[in-house]
Amino acid sequence: MSTTSQASQRIAALLDENSFVEIGGLVTARSTDFNLKQTETPSDGVITGYGVIDGNLVYVYSQDASVLNGTVGEMHAKKIVNLYNLALKMGAPVIGLIDSAGLRLQEATDALNAFGEIYMSQVKASGVIPQITAVFGTCGGGLALIPTLTDFTFMEGSKAKLFVNAPNALDGNVITKCDTSAADFQSKEAGIVDVVADEAGILAQIRELVSLLPANNEDGSYEECSDDLNRACAEIANCVGDTSIALSQIADNGAVFEVKREYAKDMVTAFIKLNGATVGAVANRTEVYGEDGTVTEKYDAVLSAAGCYKAAEFINFCDAFEIPVLSLTNVKGFKADKQNEKGIANAAAKLTYAFANATVPKVNVIIGQAYGSAYVTMNSKAIGADITMAWPDAKIGTMDAKLAAKIICDGQGADAIDACAKEYEALQTSAASAAKRGYVDQIVEPVDTRKYVIGAFEMLFSKSEDLPAKKHGTV
């Protein structure tokens with residue numbers, strides 16, 4: 001492996017020191033059309049091999065933009081396909097470091113066919129081994145499918161470009177008006193990118209993510225827990241709004257790895273450790289706090305279409321890799337605007353399906369409101385939650401008691417409505433009333449949330465559940 005190329009430097013920074021072993025280092029392009037025979041193509045523009053991250057085996061390919069702009073030719077693609085074949089045999093993650101001008105035009109259909117073979121390898125590996133992509137340079141056209149066929153995508157914040165159609169090729173747009181290829185757009189608007197950072201930050205966070213994930217779908221991710229299993233969550237009751245902070249209260253040593261962190265911020269999707277085991281967390285969010293401790297963004301306690309899609313995709317990943325799912329529920333309905341109405345029914349159906357279809361251990365903690373069918377969608381007992389907990393002040397029912405009273409006592413005075421609301425809240429929307437009907441298993445004090453959640457997942461560790469036999473669902 002060249003020690004001078006940026007592609008090789010990225011691999012060295014990503015992996016444990018001196019652990020990388022290159023495969024196919026002598027491969028060069030076979031094509032001779034358009035004078036390629038006279039062009040040096042060392043490693044055919046991609047360095048491939050294996051190494052370790054914190055002692056865990058991973059397979060890595062890194063595109064070399066100094067060789068034909070990192071374009072994907074026949075042999076370039078075959079090297080990546082070979083890496084996938086090895087990774088599948090060994091049950092280890094594949095990490096792709098992207099920096100490429102796209103398809104190698106000089107190799108035409110040979111390159112195009114090989115491109116398709118990469119897609120095929122990715123599809124076969126999906127749900128079997130984790131796939132991670134980081135975009136450091138250009139990733140355009142058909143190459144943009146590669147990160148979207150993987151599980152997690154990282155993107156360098158200033159230089160990287162990710163697009164199918166270039167910004168200037170979009171009707172009514174120019175790059176100066178809206179750079180649709182930039183990390184800001186792809187993370188906040190498109191929701192493709194999980195993490196935006198500088199190059200060093202990306203490589204460090206990939207290492208962190210790999211340490212949280214199982215090597216494959218038959219492996220687990222466990223480590224010794226150094227945190228107190230019964231530790232009190234002293235501030236969690238104040239974190240109903242920003243549930244990323246609430247999750248840090250529950251998690252071992254406060255560590256939370258949030259994915260798709262800039263997209264649909266009304267829904268948090270993150271990995272945490274509980275008693276040393278990785279858990280996927282899905283949580284409604286109504287506030288975002290900045291580093292200075294002030295509220296920077298506010299949202300209604302509702303499900304948006306983007307939030308549902310984000311959560312459903314995350315739950316599907318967790319289920320594929322036997323990662324238990326924890327949900328923190330605080331929702332009163334569905335977002336009501338024209339843009340959301342276009343997709344909310346479909347998105348909510350996908351989220352419902354993801355929760356109901358997942359056979360991993362599922363624990364739901366109702367920390368605020370839980371009203372209507374939005375609550376049912378958020379990992380309720382009706383769609384398969386194994387254990388449902390609620391904080392004492394949680395509200396669970398069809399709607400807010402005051403609204404229900406106005407309907408029930410239509411035409412009556414304010415005093416009658418207030419009395420009805422008080423009675424309705426006690427009988428129909430309190431955590432205690434839901435527990436009496438068996439819809440809530442435990443009412444727990446916020447400060448005790450960590451120990452009860454850990455206890456539930458410990459009890460569910462050996463869960464086994466079979467769904468009706470089928471090839472796959474269609475939602």
# chains A, B, ... in the order shown; residues from 1 in each chain; ligands from 1

$ select_by_dssp --residues "range 152-314 of chain A" --states "strand (DSSP E or B)" --output "JSON, numbers by chain"
{"A": [152, 153, 154, 155, 156, 161, 162, 163, 195, 196, 197, 222, 256, 257, 258, 267, 268, 269, 270, 271, 272, 273, 274, 277, 278, 279, 280, 281, 282, 283, 284, 287, 288, 289, 295, 296, 297, 298, 302, 303]}

$ write_last_selection --atoms "N, CA and C atoms" --output "tab-separated table (two decimals), in the first residue's frame"
chain	number	residue	atom	x	y	z
A	152	PHE	N	-25.09	2.98	7.31
A	152	PHE	CA	-24.75	4.27	7.90
A	152	PHE	C	-23.83	5.03	6.96
A	153	THR	N	-24.11	6.35	6.82
A	153	THR	CA	-23.34	7.19	5.92
A	153	THR	C	-22.77	8.39	6.66
A	154	PHE	N	-21.48	8.60	6.52
A	154	PHE	CA	-20.78	9.75	7.08
A	154	PHE	C	-20.38	10.66	5.91
A	155	MET	N	-20.27	11.95	6.15
A	155	MET	CA	-19.92	12.86	5.07
A	155	MET	C	-19.07	14.01	5.60
A	156	GLU	N	-17.98	14.26	4.90
A	156	GLU	CA	-17.09	15.37	5.25
A	156	GLU	C	-17.84	16.68	4.98
A	161	LYS	N	-19.11	15.87	-1.84
A	161	LYS	CA	-20.28	16.10	-2.68
A	161	LYS	C	-21.00	14.77	-2.89
A	162	LEU	N	-22.30	14.77	-2.59
A	162	LEU	CA	-23.12	13.56	-2.75
A	162	LEU	C	-24.37	13.93	-3.54
A	163	PHE	N	-24.56	13.28	-4.70
A	163	PHE	CA	-25.69	13.65	-5.55
A	163	PHE	C	-25.93	12.55	-6.59
A	195	VAL	N	-23.93	11.34	9.90
A	195	VAL	CA	-22.99	12.18	10.65
A	195	VAL	C	-22.23	13.07	9.67
A	196	VAL	N	-22.15	14.35	9.98
A	196	VAL	CA	-21.32	15.30	9.23
A	196	VAL	C	-20.21	15.77	10.15
A	197	ALA	N	-18.97	15.70	9.67
A	197	ALA	CA	-17.83	16.12	10.49
A	197	ALA	C	-16.64	16.37	9.58
A	222	TYR	N	-21.33	-6.85	23.23
A	222	TYR	CA	-21.34	-6.75	24.69
A	222	TYR	C	-19.96	-6.38	25.19
A	256	VAL	N	-24.06	8.30	24.18
A	256	VAL	CA	-25.14	8.18	23.19
A	256	VAL	C	-24.56	8.44	21.81
A	257	PHE	N	-24.82	7.52	20.87
A	257	PHE	CA	-24.38	7.72	19.48
A	257	PHE	C	-25.63	7.90	18.63
A	258	GLU	N	-25.92	9.17	18.31
A	258	GLU	CA	-27.14	9.47	17.56
A	258	GLU	C	-26.88	9.35	16.06
A	267	MET	N	-37.57	13.31	16.12
A	267	MET	CA	-37.42	11.90	16.45
A	267	MET	C	-35.93	11.59	16.66
A	268	VAL	N	-35.58	11.07	17.81
A	268	VAL	CA	-34.20	10.69	18.10
A	268	VAL	C	-34.03	9.20	17.80
A	269	THR	N	-32.99	8.86	17.06
A	269	THR	CA	-32.60	7.46	16.86
A	269	THR	C	-31.14	7.35	17.26
A	270	ALA	N	-30.83	6.44	18.17
A	270	ALA	CA	-29.48	6.41	18.73
A	270	ALA	C	-29.14	5.04	19.27
A	271	PHE	N	-27.85	4.79	19.38
A	271	PHE	CA	-27.36	3.59	20.05
A	271	PHE	C	-26.82	3.98	21.42
A	272	ILE	N	-27.17	3.17	22.42
A	272	ILE	CA	-26.61	3.34	23.75
A	272	ILE	C	-26.20	1.96	24.26
A	273	LYS	N	-25.45	1.94	25.34
A	273	LYS	CA	-25.13	0.70	26.03
A	273	LYS	C	-25.90	0.65	27.34
A	274	LEU	N	-26.48	-0.50	27.64
A	274	LEU	CA	-27.14	-0.74	28.91
A	274	LEU	C	-26.59	-2.03	29.50
A	277	ALA	N	-24.50	-3.96	27.01
A	277	ALA	CA	-25.10	-4.46	25.78
A	277	ALA	C	-25.63	-3.29	24.95
A	278	THR	N	-25.45	-3.37	23.63
A	278	THR	CA	-25.94	-2.31	22.75
A	278	THR	C	-27.46	-2.38	22.63
A	279	VAL	N	-28.10	-1.22	22.73
A	279	VAL	CA	-29.56	-1.09	22.59
A	279	VAL	C	-29.82	0.04	21.60
A	280	GLY	N	-30.79	-0.16	20.73
A	280	GLY	CA	-31.22	0.91	19.83
A	280	GLY	C	-32.35	1.69	20.48
A	281	ALA	N	-32.26	3.01	20.50
A	281	ALA	CA	-33.25	3.85	21.16
A	281	ALA	C	-33.98	4.73	20.15
A	282	VAL	N	-35.29	4.78	20.29
A	282	VAL	CA	-36.15	5.63	19.46
A	282	VAL	C	-36.96	6.50	20.40
A	283	ALA	N	-36.92	7.82	20.23
A	283	ALA	CA	-37.56	8.69	21.21
A	283	ALA	C	-38.13	9.94	20.55
A	284	ASN	N	-39.36	10.29	20.92
A	284	ASN	CA	-39.95	11.55	20.48
A	284	ASN	C	-39.22	12.71	21.15
A	287	GLU	N	-37.82	19.40	22.11
A	287	GLU	CA	-36.86	20.49	22.28
A	287	GLU	C	-35.46	20.02	21.93
A	288	VAL	N	-34.66	20.93	21.41
A	288	VAL	CA	-33.24	20.68	21.19
A	288	VAL	C	-32.46	21.72	21.97
A	289	TYR	N	-31.55	21.26	22.80
A	289	TYR	CA	-30.72	22.17	23.59
A	289	TYR	C	-29.35	22.33	22.93
A	295	VAL	N	-32.49	26.42	24.80
A	295	VAL	CA	-33.30	25.74	23.79
A	295	VAL	C	-33.09	26.42	22.44
A	296	THR	N	-32.66	25.64	21.45
A	296	THR	CA	-32.40	26.19	20.12
A	296	THR	C	-33.50	25.87	19.12
A	297	GLU	N	-34.25	24.79	19.35
A	297	GLU	CA	-35.34	24.40	18.46
A	297	GLU	C	-36.47	23.80	19.28
A	298	LYS	N	-37.71	24.01	18.81
A	298	LYS	CA	-38.88	23.45	19.49
A	298	LYS	C	-39.77	22.73	18.47
A	302	VAL	N	-45.64	15.52	18.27
A	302	VAL	CA	-46.38	14.81	17.22
A	302	VAL	C	-45.43	14.00	16.35
A	303	LEU	N	-45.98	13.03	15.65
A	303	LEU	CA	-45.20	12.25	14.69
A	303	LEU	C	-45.23	12.93	13.33

$ residues_around --residues "Ser121 in chain A" --least-positions-apart "6" --cutoff "10 Å" --atoms "only C-alpha atoms" --output "VMD selection string"
chain A and resid 80 to 85 88

$ residues_around --residues "Glu199 in chain A" --least-positions-apart "2" --cutoff "9 Å" --atoms "only C-alpha atoms" --output "mmCIF file with N, CA and C atoms, in the first residue's frame"
data_model
loop_
_atom_site.group_PDB
_atom_site.id
_atom_site.type_symbol
_atom_site.label_atom_id
_atom_site.label_comp_id
_atom_site.auth_asym_id
_atom_site.auth_seq_id
_atom_site.Cartn_x
_atom_site.Cartn_y
_atom_site.Cartn_z
ATOM 1 N N ARG A 10 -6.128 7.613 5.024
ATOM 2 C CA ARG A 10 -7.428 7.463 5.675
ATOM 3 C C ARG A 10 -7.569 6.087 6.321
ATOM 4 N N PHE A 136 -15.761 11.402 1.288
ATOM 5 C CA PHE A 136 -14.742 12.425 1.516
ATOM 6 C C PHE A 136 -14.572 13.361 0.326
ATOM 7 N N MET A 155 -20.270 11.947 6.154
ATOM 8 C CA MET A 155 -19.916 12.864 5.067
ATOM 9 C C MET A 155 -19.072 14.014 5.596
ATOM 10 N N GLU A 156 -17.979 14.265 4.903
ATOM 11 C CA GLU A 156 -17.093 15.375 5.252
ATOM 12 C C GLU A 156 -17.837 16.681 4.985
ATOM 13 N N GLY A 157 -17.719 17.638 5.918
ATOM 14 C CA GLY A 157 -18.604 18.788 5.915
ATOM 15 C C GLY A 157 -18.344 19.859 4.882
ATOM 16 N N ALA A 197 -18.973 15.701 9.672
ATOM 17 C CA ALA A 197 -17.828 16.123 10.487
ATOM 18 C C ALA A 197 -16.645 16.366 9.576
ATOM 19 N N GLY A 201 -12.734 13.717 12.440
ATOM 20 C CA GLY A 201 -13.921 13.423 13.230
ATOM 21 C C GLY A 201 -14.702 12.247 12.687
ATOM 22 N N ILE A 202 -14.796 12.157 11.369
ATOM 23 C CA ILE A 202 -15.506 11.042 10.741
ATOM 24 C C ILE A 202 -14.828 9.720 11.089
ATOM 25 N N LEU A 203 -13.525 9.660 10.921
ATOM 26 C CA LEU A 203 -12.807 8.402 11.164
ATOM 27 C C LEU A 203 -12.907 7.987 12.629
ATOM 28 N N ALA A 204 -12.855 8.968 13.536
ATOM 29 C CA ALA A 204 -12.980 8.667 14.962
ATOM 30 C C ALA A 204 -14.386 8.148 15.284
#

$ atom_distance --atom1 "CA of Val193 in chain A" --atom2 "CA of Ala306 in chain A"
13.8 Å

$ closest_atom_pairs --of "range 167-277 of chain A" --to "range 366-381 of chain A" --cutoff "10 Å" --atoms "only C-alpha atoms" --output "CSV"
residue,atom,partner,partner_atom,distance
A:Ile236,CA,A:Ile367,CA,9.8
A:Ala237,CA,A:Ile367,CA,8.4
A:Cys239,CA,A:Ile367,CA,9.4
A:Val240,CA,A:Ile367,CA,6.6
A:Gly241,CA,A:Gly368,CA,9.2
A:Thr243,CA,A:Ile367,CA,9.7
